[in-house]
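With compact mmCIF, C-alpha atoms (C1' of nucleotides) inside, this is target.txt:
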# COMPACT_ATOMS: atom_id res chain seq x y z
CA MET A 12 0.00 0.00 0.00
CA ASP A 13 1.23 3.51 -0.77
CA ASN A 14 1.14 5.95 2.12
CA SER A 15 2.95 8.80 0.46
CA HIS A 16 -0.15 11.01 0.36
CA LEU A 17 -0.78 10.58 4.07
CA PHE A 18 2.87 11.34 4.70
CA GLN A 19 2.69 14.59 2.80
CA PHE A 20 -0.42 15.63 4.67
CA LEU A 21 1.04 14.94 8.11
CA ALA A 22 4.22 16.79 7.26
CA SER A 23 2.36 19.83 6.06
CA THR A 24 0.40 20.15 9.29
CA THR A 25 3.45 20.23 11.53
CA THR A 26 4.68 23.52 12.95
CA ASN A 27 8.42 23.65 12.69
CA THR A 28 10.60 25.76 15.00
CA ASN A 29 13.66 25.32 12.83
CA ASN A 30 13.00 24.92 9.14
CA THR A 31 16.62 25.15 7.98
CA TYR A 32 16.85 21.49 7.24
CA TYR A 33 13.48 21.14 5.61
CA PRO A 34 12.19 22.27 2.22
CA PHE A 35 9.90 25.26 2.73
CA HIS A 36 6.96 23.57 1.12
CA VAL A 37 7.03 20.80 3.72
CA SER A 38 7.54 22.73 6.98
CA GLN A 39 5.48 25.81 7.81
CA PRO A 40 7.01 28.25 10.28
CA PRO A 41 4.69 28.74 13.27
CA SER A 42 2.33 31.52 12.52
CA HIS A 43 0.96 33.82 15.21
CA HIS A 44 -2.31 32.14 14.57
CA ASP A 45 -0.99 28.66 15.22
CA ARG A 46 0.76 29.70 18.38
CA ALA A 47 -2.30 31.46 19.73
CA LEU A 48 -4.37 28.41 18.90
CA ALA A 49 -1.97 26.07 20.67
CA ALA A 50 -1.90 28.37 23.69
CA MET A 51 -5.66 28.40 23.78
CA LYS A 52 -5.76 24.62 23.65
CA ASN A 53 -3.25 24.35 26.46
CA HIS A 54 -5.14 26.83 28.54
CA LYS A 55 -8.40 25.07 27.94
CA GLU A 56 -7.02 21.69 28.93
CA ALA A 57 -5.21 23.03 31.98
CA GLU A 58 -8.39 24.60 33.22
CA LYS A 59 -10.24 21.35 32.72
CA ARG A 60 -7.59 19.48 34.72
CA ARG A 61 -7.89 22.05 37.48
CA ARG A 62 -11.65 21.58 37.64
CA GLU A 63 -11.27 17.82 37.74
CA ARG A 64 -8.74 18.07 40.55
CA ILE A 65 -11.05 20.19 42.67
CA ASN A 66 -14.06 18.00 41.95
CA SER A 67 -12.22 14.81 42.80
CA HIS A 68 -11.45 16.21 46.22
CA LEU A 69 -15.07 17.18 46.64
CA ASP A 70 -16.05 13.63 45.73
CA GLN A 71 -13.67 12.31 48.37
CA LEU A 72 -15.32 14.56 50.93
CA ARG A 73 -18.69 13.25 49.82
CA THR A 74 -17.60 9.72 50.72
CA LEU A 75 -16.19 10.86 54.05
CA LEU A 76 -19.29 12.66 55.23
CA PRO A 77 -22.78 11.33 55.86
CA CYS A 78 -24.28 12.53 52.60
CA ASN A 79 -25.19 11.01 49.29
CA SER A 80 -23.39 11.70 46.05
CA LYS A 81 -26.05 14.10 44.84
CA THR A 82 -25.66 16.89 47.38
CA ASP A 83 -24.62 20.12 45.75
CA LYS A 84 -21.21 21.67 46.28
CA ALA A 85 -22.26 24.50 48.56
CA SER A 86 -24.23 22.29 50.94
CA LEU A 87 -21.44 19.74 50.92
CA LEU A 88 -18.88 22.36 51.88
CA ALA A 89 -21.21 23.66 54.58
CA LYS A 90 -21.37 20.16 56.05
CA VAL A 91 -17.61 19.88 55.83
CA VAL A 92 -17.14 23.13 57.75
CA GLN A 93 -19.55 21.96 60.41
CA ARG A 94 -17.92 18.55 60.68
CA VAL A 95 -14.40 19.91 60.98
CA LYS A 96 -15.54 22.24 63.73
CA GLU A 97 -17.24 19.37 65.56
CA LEU A 98 -14.29 17.05 65.35
CA LYS A 99 -11.90 19.78 66.39
CA GLN A 100 -13.92 20.54 69.48
CA GLN A 101 -14.39 16.87 70.26
CA THR A 102 -10.70 16.07 70.19
CA SER A 103 -9.77 19.23 72.07
CA GLU A 104 -12.30 18.35 74.75
CA ILE A 105 -10.76 14.95 75.06
CA THR A 106 -7.11 15.97 75.02
CA GLU A 107 -7.32 19.32 76.79
CA LEU A 108 -8.41 18.14 80.21
CA GLU A 109 -6.63 20.08 82.88
CA THR A 110 -4.92 17.59 85.12
CA VAL A 111 -2.16 19.61 86.71
CA PRO A 112 -2.86 19.33 90.44
CA SER A 113 -3.27 22.51 92.45
CA GLU A 114 -2.25 23.19 96.06
CA THR A 115 -5.83 23.35 97.32
CA ASP A 116 -8.21 20.45 97.58
CA GLU A 117 -10.92 20.61 94.95
CA ILE A 118 -13.96 18.70 93.85
CA THR A 119 -15.95 19.58 90.77
CA VAL A 120 -18.71 17.60 89.13
CA LEU A 121 -19.84 19.21 85.92
CA SER A 122 -22.72 18.06 83.78
CA THR A 123 -21.79 18.62 80.19
CA ASP A 124 -24.57 19.88 77.97
CA GLY A 125 -25.51 17.38 75.36
CA ASP A 126 -25.65 13.63 75.19
CA TYR A 127 -22.32 12.73 73.68
CA ALA A 128 -22.80 9.01 74.01
CA GLY A 129 -25.85 9.23 71.79
CA ASP A 130 -27.54 6.30 73.49
CA GLY A 131 -29.65 7.77 76.22
CA ARG A 132 -26.84 8.23 78.69
CA LEU A 133 -25.83 11.52 80.23
CA ILE A 134 -22.14 12.27 80.45
CA PHE A 135 -20.48 14.46 83.00
CA LYS A 136 -17.03 15.31 84.15
CA ALA A 137 -15.68 14.88 87.68
CA SER A 138 -12.43 16.33 88.94
CA LEU A 139 -10.76 15.51 92.24
CA CYS A 140 -7.61 17.22 93.45
CA CYS A 141 -6.03 16.23 96.74
CA GLU A 142 -2.97 14.75 98.42
CA ASP A 143 -1.78 11.64 96.69
CA ARG A 144 -2.10 8.23 98.26
CA SER A 145 -1.73 4.81 96.74
CA ASP A 146 -5.26 3.68 97.48
CA LEU A 147 -6.90 6.72 95.96
CA ILE A 148 -7.48 5.21 92.54
CA PRO A 149 -8.97 1.94 93.76
CA ASP A 150 -11.21 3.88 96.13
CA LEU A 151 -12.30 6.05 93.24
CA ILE A 152 -13.08 3.03 91.14
CA GLU A 153 -15.09 1.54 93.97
CA ILE A 154 -17.17 4.69 94.25
CA LEU A 155 -17.88 4.72 90.53
CA LYS A 156 -18.82 1.07 90.54
CA SER A 157 -21.21 1.46 93.47
CA LEU A 158 -22.94 4.35 91.72
CA HIS A 159 -23.17 2.36 88.48
CA LEU A 160 -21.18 4.99 86.65
CA LYS A 161 -19.24 3.89 83.61
CA THR A 162 -15.86 5.54 83.27
CA LEU A 163 -15.45 6.61 79.69
CA ARG A 164 -12.18 8.29 80.34
CA ALA A 165 -9.79 8.88 83.22
CA GLU A 166 -6.80 11.15 83.35
CA MET A 167 -4.44 11.68 86.26
CA ALA A 168 -1.28 13.50 87.14
CA THR A 169 0.83 13.70 90.25
CA LEU A 170 3.10 16.57 91.15
CA GLY A 171 4.84 17.26 94.43
CA GLY A 172 2.86 14.62 96.28
CA ARG A 173 -0.43 15.99 95.12
CA THR A 174 -2.66 14.45 92.50
CA ARG A 175 -5.52 15.42 90.28
CA ASN A 176 -7.91 12.95 88.70
CA VAL A 177 -10.28 13.97 85.97
CA LEU A 178 -12.98 11.49 85.08
CA VAL A 179 -15.48 11.48 82.27
CA VAL A 180 -18.32 9.25 83.36
CA ALA A 181 -21.65 8.17 81.94
CA ALA A 182 -24.82 7.59 83.93
CA ASP A 183 -28.22 6.25 83.03
CA LYS A 184 -30.35 9.19 82.09
CA GLU A 185 -33.03 8.36 84.66
CA HIS A 186 -30.59 8.47 87.57
CA SER A 187 -28.18 11.05 86.25
CA ILE A 188 -29.20 13.84 88.61
CA GLU A 189 -29.02 11.69 91.74
CA SER A 190 -25.77 10.17 90.51
CA ILE A 191 -24.19 13.58 90.32
CA HIS A 192 -25.11 14.40 93.90
CA PHE A 193 -24.06 10.97 95.16
CA LEU A 194 -20.77 11.30 93.36
CA GLN A 195 -20.16 14.71 94.85
CA ASN A 196 -20.83 13.40 98.37
CA SER A 197 -18.71 10.31 97.85
CA LEU A 198 -15.78 12.36 96.56
CA LYS A 199 -16.17 14.68 99.52
CA SER A 200 -15.91 11.81 101.98
CA LEU A 201 -13.00 10.41 100.00
CA LEU A 202 -11.23 13.72 100.35
CA ASP A 203 -11.94 13.82 104.10
CA ARG A 204 -10.59 10.30 104.43
CA SER A 205 -7.39 11.34 102.66
CA ASN A 206 -6.81 14.29 104.93
CA SER A 207 -7.51 12.38 108.15
CA THR A 208 -5.04 9.58 107.44
CA ASP A 209 -1.29 9.64 107.80
CA ARG A 210 0.13 10.55 104.43
CA SER A 211 3.87 10.30 105.01
CA LYS A 212 3.66 6.52 104.88
CA ARG A 213 2.11 6.69 101.43
CA ARG A 214 4.52 9.15 99.93
CA ARG A 215 6.63 7.43 97.41
CA ALA A 216 9.83 7.92 95.49
CA LEU A 217 7.98 9.18 92.45
CA ASP A 218 6.37 12.03 94.31
CA ARG A 219 9.60 13.11 95.95
CA ARG A 220 11.36 13.12 92.60
CA LEU A 221 8.72 15.39 91.17
CA ILE A 222 9.11 18.06 93.83
CA PRO A 223 10.89 20.97 92.13
CA MET B 16 -36.51 65.47 18.50
CA ASP B 17 -39.02 63.09 17.04
CA ASN B 18 -38.80 59.50 18.30
CA SER B 19 -41.98 58.31 16.77
CA HIS B 20 -40.21 56.04 14.34
CA LEU B 21 -38.24 54.36 17.11
CA PHE B 22 -41.39 54.05 19.17
CA GLN B 23 -43.19 52.42 16.34
CA PHE B 24 -40.33 50.01 15.88
CA LEU B 25 -40.22 49.02 19.53
CA ALA B 26 -43.93 48.64 19.71
CA SER B 27 -43.95 46.45 16.67
CA THR B 28 -41.43 44.07 18.21
CA THR B 29 -43.38 43.57 21.44
CA THR B 30 -45.70 40.69 22.04
CA ASN B 31 -48.38 42.07 24.24
CA THR B 32 -50.29 39.83 26.62
CA ASN B 33 -52.61 42.56 27.83
CA ASN B 34 -52.35 46.10 26.51
CA THR B 35 -55.89 47.13 27.31
CA TYR B 36 -55.00 49.40 30.20
CA TYR B 37 -51.97 51.07 28.71
CA PRO B 38 -51.69 53.45 25.77
CA PHE B 39 -49.38 51.65 23.43
CA HIS B 40 -47.05 54.61 23.06
CA VAL B 41 -46.40 54.97 26.88
CA SER B 42 -46.06 51.47 28.32
CA GLN B 43 -44.09 48.83 26.53
CA PRO B 44 -45.37 45.32 27.20
CA PRO B 45 -42.56 42.85 27.82
CA SER B 46 -41.07 41.73 24.58
CA HIS B 47 -39.37 38.38 23.99
CA HIS B 48 -36.22 40.34 23.91
CA ASP B 49 -36.83 42.02 27.26
CA ARG B 50 -37.80 38.79 28.94
CA ALA B 51 -34.77 37.01 27.62
CA LEU B 52 -32.61 39.86 28.81
CA ALA B 53 -34.12 39.77 32.29
CA ALA B 54 -33.68 36.02 32.44
CA MET B 55 -30.07 36.42 31.46
CA LYS B 56 -29.55 38.97 34.20
CA ASN B 57 -31.19 36.72 36.78
CA HIS B 58 -29.15 33.78 35.67
CA LYS B 59 -25.97 35.79 35.81
CA GLU B 60 -26.65 37.06 39.30
CA ALA B 61 -27.73 33.68 40.60
CA GLU B 62 -24.55 32.12 39.34
CA LYS B 63 -22.56 34.84 41.03
CA ARG B 64 -24.35 34.18 44.32
CA ARG B 65 -23.61 30.49 43.98
CA ARG B 66 -19.93 31.17 43.47
CA GLU B 67 -19.85 33.46 46.48
CA ARG B 68 -21.58 30.86 48.61
CA ILE B 69 -19.05 28.19 47.69
CA ASN B 70 -16.09 30.52 48.13
CA SER B 71 -17.26 31.72 51.52
CA HIS B 72 -17.29 28.12 52.74
CA LEU B 73 -13.83 27.64 51.32
CA ASP B 74 -12.69 30.73 53.20
CA GLN B 75 -14.13 29.31 56.40
CA LEU B 76 -12.17 26.13 55.83
CA ARG B 77 -9.06 28.21 55.27
CA THR B 78 -9.44 29.69 58.75
CA LEU B 79 -10.09 26.27 60.28
CA LEU B 80 -7.00 24.61 58.85
CA PRO B 81 -3.34 25.45 59.33
CA CYS B 82 -2.89 27.28 56.05
CA ASN B 83 -2.70 30.87 54.94
CA SER B 84 -5.36 32.65 52.95
CA LYS B 85 -3.43 32.31 49.71
CA THR B 86 -3.48 28.55 49.27
CA ASP B 87 -5.28 27.56 46.12
CA LYS B 88 -8.60 25.75 46.14
CA ALA B 89 -7.33 22.32 45.13
CA SER B 90 -4.57 22.21 47.75
CA LEU B 91 -6.94 23.53 50.36
CA LEU B 92 -9.47 20.79 49.64
CA ALA B 93 -6.69 18.20 49.70
CA LYS B 94 -5.73 19.38 53.17
CA VAL B 95 -9.36 19.26 54.23
CA VAL B 96 -9.72 15.66 53.07
CA GLN B 97 -6.58 14.70 54.95
CA ARG B 98 -7.68 16.52 58.09
CA VAL B 99 -11.13 14.99 58.15
CA LYS B 100 -9.64 11.53 57.77
CA GLU B 101 -7.19 12.19 60.61
CA LEU B 102 -9.81 13.55 62.97
CA LYS B 103 -12.18 10.71 62.21
CA GLN B 104 -9.59 8.07 62.99
CA GLN B 105 -8.38 9.94 66.03
CA THR B 106 -11.78 10.20 67.65
CA SER B 107 -12.67 6.62 66.84
CA GLU B 108 -9.38 5.41 68.28
CA ILE B 109 -9.92 7.39 71.43
CA THR B 110 -13.50 6.29 72.03
CA GLU B 111 -13.11 2.67 70.99
CA LEU B 112 -10.48 1.56 73.47
CA GLU B 113 -10.97 -1.94 74.75
CA THR B 114 -10.40 -1.94 78.48
CA VAL B 115 -12.09 -5.10 79.68
CA PRO B 116 -9.30 -7.05 81.36
CA SER B 117 -8.59 -10.58 80.20
CA GLU B 118 -7.42 -13.59 82.21
CA THR B 119 -3.96 -13.63 80.69
CA ASP B 120 -1.24 -11.08 81.22
CA GLU B 121 -0.72 -8.90 78.18
CA ILE B 122 1.44 -6.04 77.04
CA THR B 123 0.98 -4.29 73.74
CA VAL B 124 2.64 -1.12 72.51
CA LEU B 125 1.27 -0.05 69.18
CA SER B 126 2.64 2.80 67.14
CA THR B 127 -0.14 4.46 65.25
CA ASP B 128 0.81 5.57 61.79
CA GLY B 129 0.67 9.30 61.35
CA ASP B 130 1.31 12.32 63.49
CA TYR B 131 -2.09 12.92 65.00
CA ALA B 132 -0.98 15.63 67.37
CA GLY B 133 -0.01 17.71 64.37
CA ASP B 134 2.94 19.24 66.20
CA GLY B 135 5.88 16.94 65.59
CA ARG B 136 4.91 14.38 68.19
CA LEU B 137 4.26 10.73 67.53
CA ILE B 138 1.35 9.12 69.33
CA PHE B 139 1.09 5.49 70.26
CA LYS B 140 -1.04 3.27 72.38
CA ALA B 141 0.10 1.07 75.26
CA SER B 142 -2.02 -1.58 76.90
CA LEU B 143 -1.20 -3.44 80.09
CA CYS B 144 -3.34 -6.24 81.47
CA CYS B 145 -2.37 -7.98 84.73
CA GLU B 146 -3.40 -8.68 88.31
CA ASP B 147 -4.57 -5.58 90.09
CA ARG B 148 -2.56 -3.98 92.83
CA SER B 149 -2.86 -0.58 94.46
CA ASP B 150 0.57 0.66 93.42
CA LEU B 151 0.15 -0.22 89.78
CA ILE B 152 -1.06 3.17 88.64
CA PRO B 153 1.61 5.20 90.44
CA ASP B 154 4.25 2.84 89.07
CA LEU B 155 2.85 3.31 85.60
CA ILE B 156 2.94 7.06 85.97
CA GLU B 157 6.53 6.88 87.13
CA ILE B 158 7.52 4.92 84.06
CA LEU B 159 5.83 7.39 81.75
CA LYS B 160 7.45 10.33 83.47
CA SER B 161 10.91 8.82 83.31
CA LEU B 162 10.51 8.20 79.59
CA HIS B 163 9.26 11.74 79.05
CA LEU B 164 6.01 10.46 77.63
CA LYS B 165 3.00 12.68 77.85
CA THR B 166 -0.20 10.84 78.65
CA LEU B 167 -2.91 12.16 76.40
CA ARG B 168 -5.42 9.68 77.66
CA ALA B 169 -5.67 6.89 80.19
CA GLU B 170 -8.42 4.36 80.62
CA MET B 171 -8.68 1.59 83.17
CA ALA B 172 -11.03 -1.08 84.31
CA THR B 173 -10.89 -3.70 87.04
CA LEU B 174 -12.80 -6.95 87.03
CA GLY B 175 -12.36 -9.92 89.32
CA GLY B 176 -9.10 -8.65 90.73
CA ARG B 177 -7.59 -8.13 87.34
CA THR B 178 -7.03 -4.80 85.66
CA ARG B 179 -6.38 -3.43 82.23
CA ASN B 180 -4.85 -0.04 81.57
CA VAL B 181 -4.88 1.49 78.12
CA LEU B 182 -2.76 4.57 77.61
CA VAL B 183 -2.49 6.93 74.70
CA VAL B 184 0.86 8.63 74.98
CA ALA B 185 2.84 11.12 72.92
CA ALA B 186 6.60 11.09 72.44
CA ASP B 187 9.00 13.50 70.81
CA LYS B 188 9.39 12.41 67.23
CA GLU B 189 13.17 12.09 67.51
CA HIS B 190 12.99 9.59 70.38
CA SER B 191 9.74 7.89 69.52
CA ILE B 192 11.29 4.60 68.41
CA GLU B 193 13.49 4.23 71.47
CA SER B 194 10.63 5.32 73.70
CA ILE B 195 8.48 2.51 72.39
CA HIS B 196 11.11 -0.11 73.18
CA PHE B 197 11.87 1.39 76.58
CA LEU B 198 8.20 1.45 77.40
CA GLN B 199 7.78 -2.18 76.38
CA ASN B 200 10.68 -3.21 78.60
CA SER B 201 9.47 -1.13 81.52
CA LEU B 202 5.99 -2.58 81.30
CA LYS B 203 7.46 -6.06 81.15
CA SER B 204 9.41 -5.51 84.35
CA LEU B 205 6.33 -3.98 85.92
CA LEU B 206 4.38 -7.09 85.09
CA ASP B 207 7.12 -9.32 86.50
CA ARG B 208 7.10 -7.25 89.68
CA SER B 209 3.37 -7.73 90.00
CA ASN B 210 3.57 -11.48 89.63
CA SER B 211 6.51 -11.90 92.00
CA THR B 212 4.88 -10.05 94.90
CA ASP B 213 2.21 -11.32 97.27
CA ARG B 214 -1.09 -10.29 95.82
CA SER B 215 -3.50 -11.44 98.52
CA LYS B 216 -2.49 -8.53 100.70
CA ARG B 217 -3.45 -6.15 97.95
CA ARG B 218 -6.76 -7.70 97.14
CA ARG B 219 -9.48 -5.45 98.33
CA ALA B 220 -13.17 -5.46 98.93
CA LEU B 221 -13.89 -4.04 95.51
CA ASP B 222 -12.16 -6.88 93.75
CA ARG B 223 -13.84 -9.52 95.84
CA ARG B 224 -17.21 -7.97 95.14
CA LEU B 225 -16.61 -8.17 91.45
CA ILE B 226 -15.79 -11.87 91.35
CA PRO B 227 -18.82 -13.56 89.78
C1' DC C 5 -42.12 28.48 32.28
C1' DA C 6 -38.78 29.70 36.29
C1' DA C 7 -35.29 28.34 39.52
C1' DT C 8 -31.32 25.89 40.34
C1' DA C 9 -26.74 23.56 39.74
C1' DC C 10 -23.02 22.19 36.96
C1' DA C 11 -19.26 22.26 33.25
C1' DC C 12 -17.26 24.87 30.03
C1' DG C 13 -14.22 28.27 27.66
C1' DT C 14 -12.28 32.69 28.09
C1' DG C 15 -9.95 37.16 29.79
C1' DA C 16 -7.19 38.84 33.39
C1' DA C 17 -3.70 38.72 37.05
C1' DC C 18 0.23 36.86 38.98
C1' DC C 19 4.60 34.63 39.33
C1' DT D 5 6.70 34.65 28.27
C1' DG D 6 4.46 30.47 29.54
C1' DG D 7 2.31 28.21 33.30
C1' DT D 8 -1.17 28.48 36.80
C1' DT D 9 -5.17 30.19 39.25
C1' DC D 10 -9.26 32.75 39.56
C1' DA D 11 -13.86 35.02 38.35
C1' DC D 12 -16.99 35.55 34.99
C1' DG D 13 -20.85 34.79 31.70
C1' DT D 14 -22.99 31.39 29.16
C1' DG D 15 -25.04 26.82 27.49
C1' DT D 16 -27.43 23.03 29.22
C1' DA D 17 -29.81 19.68 32.14
C1' DT D 18 -32.71 18.65 36.09
C1' DT D 19 -36.55 19.88 39.01
Please render this file's structure as structure tokens.
Amino acid sequence: MDNSHLFQFLASTTTNTNNTYYPFHVSQPPSHHDRALAAMKNHKEAEKRRRERINSHLDQLRTLLPCNSKTDKASLLAKVVQRVKELKQQTSEITELETVPSETDEITVLSTDGDYAGDGRLIFKASLCCEDRSDLIPDLIEILKSLHLKTLRAEMATLGGRTRNVLVVAADKEHSIESIHFLQNSLKSLLDRSNSTDRSKRRRALDRRLIP
Amino acid sequence: MDNSHLFQFLASTTTNTNNTYYPFHVSQPPSHHDRALAAMKNHKEAEKRRRERINSHLDQLRTLLPCNSKTDKASLLAKVVQRVKELKQQTSEITELETVPSETDEITVLSTDGDYAGDGRLIFKASLCCEDRSDLIPDLIEILKSLHLKTLRAEMATLGGRTRNVLVVAADKEHSIESIHFLQNSLKSLLDRSNSTDRSKRRRALDRRLIP
DNA sequence: CAATACACGTGAACC
DNA sequence: TGGTTCACGTGTATT
């Protein structure tokens, strides 16, 4: 088969940057027109790629959030903003508990607004700051167990022989109010017990090391 | 100046739905042209509002994420996707800790992939399951302090005299690998210490109550 | 038909 | 100058 005609055609459509080595009737120097056209094509395609890049990320977000694939961009982004805010606050709440013990004895039982567990339980935060003793934690656990409180999270720190324990606990919604009061009273008696007993025996190497 | 010709022309191009109440030379009923023009204007403005809505959400995301106001849309959305994934995993990891103690002694130190703290620290999870004793927690704290590990989260549960402690700790990125090994060894020795000492003395009312 | 949402190509601005 | 990003107006489909 003879492809010479096709050859000629292809050669004539090429834009040549250096036509020294080619007969003029084969290579056409790039006209302003051609260059503008090529630039336009590039521009067009680049813009398309950019759009696709953005949309692919939006699609990823669609899979990450509780929403179907047919929610419009604006609503999707609104959900994203909301979700990021939520997650940020959630993690900061969890990691930013203040556990550095103070010099004064303290008891706080705070009911957090909102049902974070999502399953009919009320969650609140209890903080106890007092002199450290080795039986404090087990006593605390005993109190929580007797009040049927589930410990979702516990954080503790000791410094200079003093300790602070921050607990995030969940109570059945029906008994949440009474549980809070019971817990407050129990912690109070726990604190009294700590102060009435001899502490020097319970001081340990760790605590002494931590004294500045 | 006489505009009668122009008037005539305009009037002739209008399609009038109801010109009974208006002298034809004063009020111009909406022409196809006019209506199309108004539609175009509406369309144009609506599209502009849509763009502004989307961009305002993007700006909100810019303030929420660690990035300046001059990052382009695609990169911004990429960061958002990454951040949402991180936060999702982080919260699920934190809330889904398994703390029910088992009958066999266990030590696990898992390095989570990724820097969840976002500030050059590596976070990993340590779990210790063994017989309960009152000094266990203080000993644990001592170990963490000596290894310069910051406890982001601690969870514990006792059942039938046995206890499980799950810790989420952060280490400086430079020493994270060594810290993991040191922590494993320290926990191992802690477990040996527990088993070699007399436990009956440490058993307490709480534990006995919990035995089925 | 009007309202809405999207993709597209283009002009402008910025390295 | 070319590569990249943005805003804009428009064509088109879905409701």
Specify as JSON, numbers by chain all residues of chain B found within 8 Å of chain A, counting only C-alpha atoms.
{"B": [65, 68, 69, 72, 73, 75, 76, 79, 88, 89, 92, 93, 96, 99, 100, 102, 103, 105, 106, 110, 149, 150, 152, 153, 156, 157, 167, 168, 169, 170, 171, 221]}
Residues from last step as file, C-alpha atoms, as a JSON list (two decimals), in the frame of the given file:
[["chain", "number", "residue", "atom", "x", "y", "z"],
["B", 65, "ARG", "CA", -23.61, 30.49, 43.98],
["B", 68, "ARG", "CA", -21.58, 30.86, 48.61],
["B", 69, "ILE", "CA", -19.05, 28.19, 47.69],
["B", 72, "HIS", "CA", -17.29, 28.12, 52.74],
["B", 73, "LEU", "CA", -13.83, 27.64, 51.32],
["B", 75, "GLN", "CA", -14.13, 29.31, 56.40],
["B", 76, "LEU", "CA", -12.17, 26.13, 55.83],
["B", 79, "LEU", "CA", -10.09, 26.27, 60.28],
["B", 88, "LYS", "CA", -8.60, 25.75, 46.14],
["B", 89, "ALA", "CA", -7.33, 22.32, 45.13],
["B", 92, "LEU", "CA", -9.47, 20.79, 49.64],
["B", 93, "ALA", "CA", -6.69, 18.20, 49.70],
["B", 96, "VAL", "CA", -9.72, 15.66, 53.07],
["B", 99, "VAL", "CA", -11.13, 14.99, 58.15],
["B", 100, "LYS", "CA", -9.64, 11.53, 57.77],
["B", 102, "LEU", "CA", -9.81, 13.55, 62.97],
["B", 103, "LYS", "CA", -12.18, 10.71, 62.21],
["B", 105, "GLN", "CA", -8.38, 9.94, 66.03],
["B", 106, "THR", "CA", -11.78, 10.20, 67.65],
["B", 110, "THR", "CA", -13.50, 6.29, 72.03],
["B", 149, "SER", "CA", -2.86, -0.58, 94.46],
["B", 150, "ASP", "CA", 0.57, 0.66, 93.42],
["B", 152, "ILE", "CA", -1.06, 3.17, 88.64],
["B", 153, "PRO", "CA", 1.61, 5.20, 90.44],
["B", 156, "ILE", "CA", 2.94, 7.06, 85.97],
["B", 157, "GLU", "CA", 6.53, 6.88, 87.13],
["B", 167, "LEU", "CA", -2.91, 12.16, 76.40],
["B", 168, "ARG", "CA", -5.42, 9.68, 77.66],
["B", 169, "ALA", "CA", -5.67, 6.89, 80.19],
["B", 170, "GLU", "CA", -8.42, 4.36, 80.62],
["B", 171, "MET", "CA", -8.68, 1.59, 83.17],
["B", 221, "LEU", "CA", -13.89, -4.04, 95.51]]
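By chain and then residue number, the residues within 10 Å of range 7-17 of chain D are A:Asn53, A:His54, A:Ala57, A:Glu58, A:Arg61, B:Met55, B:Lys56, B:His58, B:Lys59, B:Glu60, B:Glu62, B:Lys63, B:Arg66, B:Asp87, B:Lys88, C:DA9, C:DC10, C:DA11, C:DC12, C:DG13, C:DT14, C:DG15, C:DA16, C:DA17, C:DC18, C:DC19, counting all atoms listed in the file and disregarding those fewer than 3 positions away in sequence.
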Name the closest residue to DG6 in chain D among the candidates A:Ala47, A:Leu198, A:Val179, A:Leu160; distances are taken between atoms, counting all atoms listed in the file.
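Looking only at the distances to DG6 in chain D, the closest residue turns out to be A:Ala47.
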Give me the box for range 67-71 of chain B as AutoDock Vina command-line options, namely the centre and edge lengths in Å to one decimal of a box along x, y and z that holds every listed atom plus 8 Å on each side.
--center_x -18.8 --center_y 30.8 --center_z 49.0 --size_x 21.5 --size_y 21.3 --size_z 21.0
List the neighbours of Glu193 in chain B out to 12 Å using only C-alpha atoms (C1' of nucleotides); skip same-chain residues closer than 5 positions along the sequence, and give me the result as a short mmCIF file (atom, residue, chain, number, x, y, z; two decimals) with C-alpha atoms, in the frame of the given file.
data_model
loop_
_atom_site.label_atom_id
_atom_site.label_comp_id
_atom_site.auth_asym_id
_atom_site.auth_seq_id
_atom_site.Cartn_x
_atom_site.Cartn_y
_atom_site.Cartn_z
CA SER B 126 2.64 2.80 67.14
CA LEU B 137 4.26 10.73 67.53
CA LEU B 162 10.51 8.20 79.59
CA HIS B 163 9.26 11.74 79.05
CA LEU B 164 6.01 10.46 77.63
CA ALA B 186 6.60 11.09 72.44
CA ASP B 187 9.00 13.50 70.81
CA LYS B 188 9.39 12.41 67.23
CA LEU B 198 8.20 1.45 77.40
CA GLN B 199 7.78 -2.18 76.38
CA ASN B 200 10.68 -3.21 78.60
#
Which of B:Gln104, B:Thr123, B:Ser46, B:Asn83 sits closest to His196 in chain B [using all atoms listed in the file]
B:Thr123
Env of range 135-140 of chain A: 7 Å cut, atoms = all atoms listed in the file, seq-sep filter 5 positions within chain, self excluded. Answer as a ChimeraX atom specification.
/A:112-113,116-123,174-181
Any idea what the distance is between CA of Ser80 in chain A and C1' of DT18 in chain D?
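Separation between CA of Ser80 in chain A and C1' of DT18 in chain D: 15.3 Å.
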CA of Arg208 in chain B to CA of Arg173 in chain A: how many Å, to one decimal?
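Pair CA of Arg208 in chain B / CA of Arg173 in chain A returns 25.0 Å.
Here C1' of DA6 in chain C stands at a distance of 9.0 Å from CA of Ala54 in chain B.
The closest residue to chain D, picked from A:Lys81, A:Glu185, A:Asp203, A:Thr74 and counting all atoms listed in the file, is A:Lys81.
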Which residue is closest to chain D? Choose from B:Leu174, B:Arg64, B:Glu146, B:His47 and count all atoms listed in the file.
B:Arg64
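All protein and nucleic acid residues in the vicinity of (-35.7, 22.5, 43.2), that is within 9 Å when counting all atoms listed in the file, are DA7 and DT8 of chain C; DT18 and DT19 of chain D.
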